[in-house]
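In what follows, a single structure is set out as structure tokens and then discussed.
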Amino acid sequence: MKVTMLATTCDKKDCPTIYKTDRGTILVQGETPVDHGLTIPAHENLVEIPLSLIREAFGDSLSG
């Protein structure tokens with residue numbers, strides 16, 4: 001899989017980051033929240049990232 005960084009919140013590798021892949025998918029790096037109250041299948045997980053990171057990565061390209 002080829003991965004390209006779209007946006008990050010810092011220069012280190014331990015910050016929320018959004019990547020695109022050559023598979024036509026997005027990878028998201030962020031904190032794992034524990035207080036969400038959702039039931040998530042064992043093979044899936046949630047990550048939490050700042051909304052500003054989404055805006056930096058995608059801008060208005062996600063609307064319509």
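By convention here, the chains of the structure tokens are called A, B, ... in the order presented, each chain's residues are numbered starting at 1, and ligands are numbered starting at 1 in the order presented.
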task = Would you mind listing what lies within 10 Å of Leu46 in chain A as an MDAnalysis selection string, with only C-alpha atoms counted and same-chain residues fewer than 4 positions away left out?
result = chainID A and resid 28:34 36 38 40
Selected residues, N, CA, C and O atoms, written as a PDB file, in the first residue's frame, please.
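Saved result, out-v9.pdb, follows:
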```pdb
ATOM      1  N   VAL A  28      -6.603   7.303   9.099  1.00  0.00           N
ATOM      2  CA  VAL A  28      -6.660   8.363  10.102  1.00  0.00           C
ATOM      3  C   VAL A  28      -5.878   7.922  11.330  1.00  0.00           C
ATOM      4  O   VAL A  28      -6.106   6.835  11.865  1.00  0.00           O
ATOM      5  N   GLN A  29      -4.957   8.756  11.757  1.00  0.00           N
ATOM      6  CA  GLN A  29      -4.187   8.517  12.976  1.00  0.00           C
ATOM      7  C   GLN A  29      -4.671   9.504  14.023  1.00  0.00           C
ATOM      8  O   GLN A  29      -4.763  10.704  13.763  1.00  0.00           O
ATOM      9  N   GLY A  30      -5.013   9.006  15.203  1.00  0.00           N
ATOM     10  CA  GLY A  30      -5.480   9.885  16.269  1.00  0.00           C
ATOM     11  C   GLY A  30      -5.611   9.146  17.585  1.00  0.00           C
ATOM     12  O   GLY A  30      -5.242   7.984  17.697  1.00  0.00           O
ATOM     13  N   GLU A  31      -6.127   9.847  18.564  1.00  0.00           N
ATOM     14  CA  GLU A  31      -6.340   9.281  19.894  1.00  0.00           C
ATOM     15  C   GLU A  31      -7.468   8.246  19.843  1.00  0.00           C
ATOM     16  O   GLU A  31      -8.428   8.407  19.103  1.00  0.00           O
ATOM     17  N   THR A  32      -7.376   7.217  20.659  1.00  0.00           N
ATOM     18  CA  THR A  32      -8.451   6.246  20.795  1.00  0.00           C
ATOM     19  C   THR A  32      -9.335   6.666  21.961  1.00  0.00           C
ATOM     20  O   THR A  32      -8.912   6.604  23.113  1.00  0.00           O
ATOM     21  N   PRO A  33     -10.553   7.138  21.672  1.00  0.00           N
ATOM     22  CA  PRO A  33     -11.430   7.570  22.765  1.00  0.00           C
ATOM     23  C   PRO A  33     -11.993   6.367  23.522  1.00  0.00           C
ATOM     24  O   PRO A  33     -12.202   5.305  22.948  1.00  0.00           O
ATOM     25  N   VAL A  34     -12.216   6.541  24.807  1.00  0.00           N
ATOM     26  CA  VAL A  34     -12.756   5.450  25.623  1.00  0.00           C
ATOM     27  C   VAL A  34     -14.127   5.781  26.185  1.00  0.00           C
ATOM     28  O   VAL A  34     -14.803   4.919  26.729  1.00  0.00           O
ATOM     29  N   HIS A  36     -16.938   6.975  24.560  1.00  0.00           N
ATOM     30  CA  HIS A  36     -17.899   7.239  23.484  1.00  0.00           C
ATOM     31  C   HIS A  36     -19.244   6.559  23.693  1.00  0.00           C
ATOM     32  O   HIS A  36     -20.238   6.978  23.121  1.00  0.00           O
ATOM     33  N   LEU A  38     -20.322   3.809  22.516  1.00  0.00           N
ATOM     34  CA  LEU A  38     -20.754   3.049  21.343  1.00  0.00           C
ATOM     35  C   LEU A  38     -20.322   1.597  21.446  1.00  0.00           C
ATOM     36  O   LEU A  38     -19.362   1.273  22.150  1.00  0.00           O
ATOM     37  N   ILE A  40     -18.629  -1.104  19.316  1.00  0.00           N
ATOM     38  CA  ILE A  40     -17.825  -1.217  18.106  1.00  0.00           C
ATOM     39  C   ILE A  40     -17.391  -2.680  17.949  1.00  0.00           C
ATOM     40  O   ILE A  40     -16.917  -3.295  18.908  1.00  0.00           O
TER      41      ILE A  40
END
```
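For chain A, the set of residues given strand (DSSP E) by DSSP on the backbone reads Val3, Thr4, Met5, Leu6, Ala7, Thr8, Thr17, Ile18, Tyr19, Lys20, Thr21, Ile26, Leu27, Val28 and Gln29 of chain A.
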Resulting file, chosen residues, N, CA, C and O atoms, as a JSON list (two decimals), in the first residue's frame:
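The result, stored in selection_22.json:
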```json
[["chain", "number", "residue", "atom", "x", "y", "z"],
["A", 3, "VAL", "N", 1.16, 5.16, 0.84],
["A", 3, "VAL", "CA", 0.48, 6.09, 1.73],
["A", 3, "VAL", "C", 1.08, 7.48, 1.55],
["A", 3, "VAL", "O", 2.29, 7.64, 1.54],
["A", 4, "THR", "N", 0.20, 8.48, 1.41],
["A", 4, "THR", "CA", 0.62, 9.88, 1.27],
["A", 4, "THR", "C", -0.06, 10.71, 2.33],
["A", 4, "THR", "O", -1.28, 10.65, 2.50],
["A", 5, "MET", "N", 0.73, 11.51, 3.08],
["A", 5, "MET", "CA", 0.16, 12.36, 4.11],
["A", 5, "MET", "C", -0.60, 13.51, 3.46],
["A", 5, "MET", "O", -0.10, 14.17, 2.56],
["A", 6, "LEU", "N", -1.84, 13.73, 3.92],
["A", 6, "LEU", "CA", -2.64, 14.86, 3.45],
["A", 6, "LEU", "C", -2.56, 16.04, 4.40],
["A", 6, "LEU", "O", -2.51, 17.19, 3.97],
["A", 7, "ALA", "N", -2.62, 15.77, 5.70],
["A", 7, "ALA", "CA", -2.59, 16.84, 6.70],
["A", 7, "ALA", "C", -2.20, 16.26, 8.05],
["A", 7, "ALA", "O", -2.49, 15.11, 8.35],
["A", 8, "THR", "N", -1.54, 17.09, 8.86],
["A", 8, "THR", "CA", -1.16, 16.69, 10.22],
["A", 8, "THR", "C", -1.23, 17.91, 11.12],
["A", 8, "THR", "O", -1.28, 19.04, 10.64],
["A", 17, "THR", "N", -3.20, 12.70, 12.21],
["A", 17, "THR", "CA", -2.78, 12.84, 10.81],
["A", 17, "THR", "C", -3.79, 12.15, 9.91],
["A", 17, "THR", "O", -4.39, 11.15, 10.30],
["A", 18, "ILE", "N", -3.97, 12.68, 8.71],
["A", 18, "ILE", "CA", -4.82, 12.05, 7.70],
["A", 18, "ILE", "C", -3.95, 11.70, 6.50],
["A", 18, "ILE", "O", -3.17, 12.53, 6.03],
["A", 19, "TYR", "N", -4.09, 10.46, 6.02],
["A", 19, "TYR", "CA", -3.34, 9.96, 4.88],
["A", 19, "TYR", "C", -4.31, 9.48, 3.81],
["A", 19, "TYR", "O", -5.41, 9.05, 4.12],
["A", 20, "LYS", "N", -3.88, 9.50, 2.55],
["A", 20, "LYS", "CA", -4.64, 8.83, 1.49],
["A", 20, "LYS", "C", -3.78, 7.67, 1.01],
["A", 20, "LYS", "O", -2.55, 7.68, 1.15],
["A", 21, "THR", "N", -4.45, 6.65, 0.47],
["A", 21, "THR", "CA", -3.74, 5.47, -0.02],
["A", 21, "THR", "C", -3.96, 5.30, -1.51],
["A", 21, "THR", "O", -4.86, 5.91, -2.10],
["A", 26, "ILE", "N", -8.77, 6.29, 2.90],
["A", 26, "ILE", "CA", -8.17, 7.26, 3.81],
["A", 26, "ILE", "C", -7.78, 6.54, 5.09],
["A", 26, "ILE", "O", -8.54, 5.72, 5.61],
["A", 27, "LEU", "N", -6.59, 6.84, 5.61],
["A", 27, "LEU", "CA", -6.15, 6.35, 6.91],
["A", 27, "LEU", "C", -6.15, 7.53, 7.87],
["A", 27, "LEU", "O", -5.74, 8.63, 7.49],
["A", 28, "VAL", "N", -6.60, 7.30, 9.10],
["A", 28, "VAL", "CA", -6.66, 8.36, 10.10],
["A", 28, "VAL", "C", -5.88, 7.92, 11.33],
["A", 28, "VAL", "O", -6.11, 6.84, 11.87],
["A", 29, "GLN", "N", -4.96, 8.76, 11.76],
["A", 29, "GLN", "CA", -4.19, 8.52, 12.98],
["A", 29, "GLN", "C", -4.67, 9.50, 14.02],
["A", 29, "GLN", "O", -4.76, 10.70, 13.76]]
```
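From CA of Leu51 in chain A back to CA of Gly37 in chain A, the distance works out to 20.2 Å.
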inquiry  = Going by DSSP on the backbone, which residues of chain A come out as helix (DSSP H, G or I)? List them as number ranges by chain.
reply    = A: 51-58
task = Give me, please, the distance in Å between CA of Ala57 in chain A and CA of Asp11 in chain A, quoted to one decimal.
result = 15.3 Å
query = Could you work out how far CA of Thr9 in chain A lies from CA of His43 in chain A, giving the answer in Å with one decimal?
reply =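 Atom-to-atom, CA of His43 in chain A to CA of Thr9 in chain A, that is 27.0 Å.
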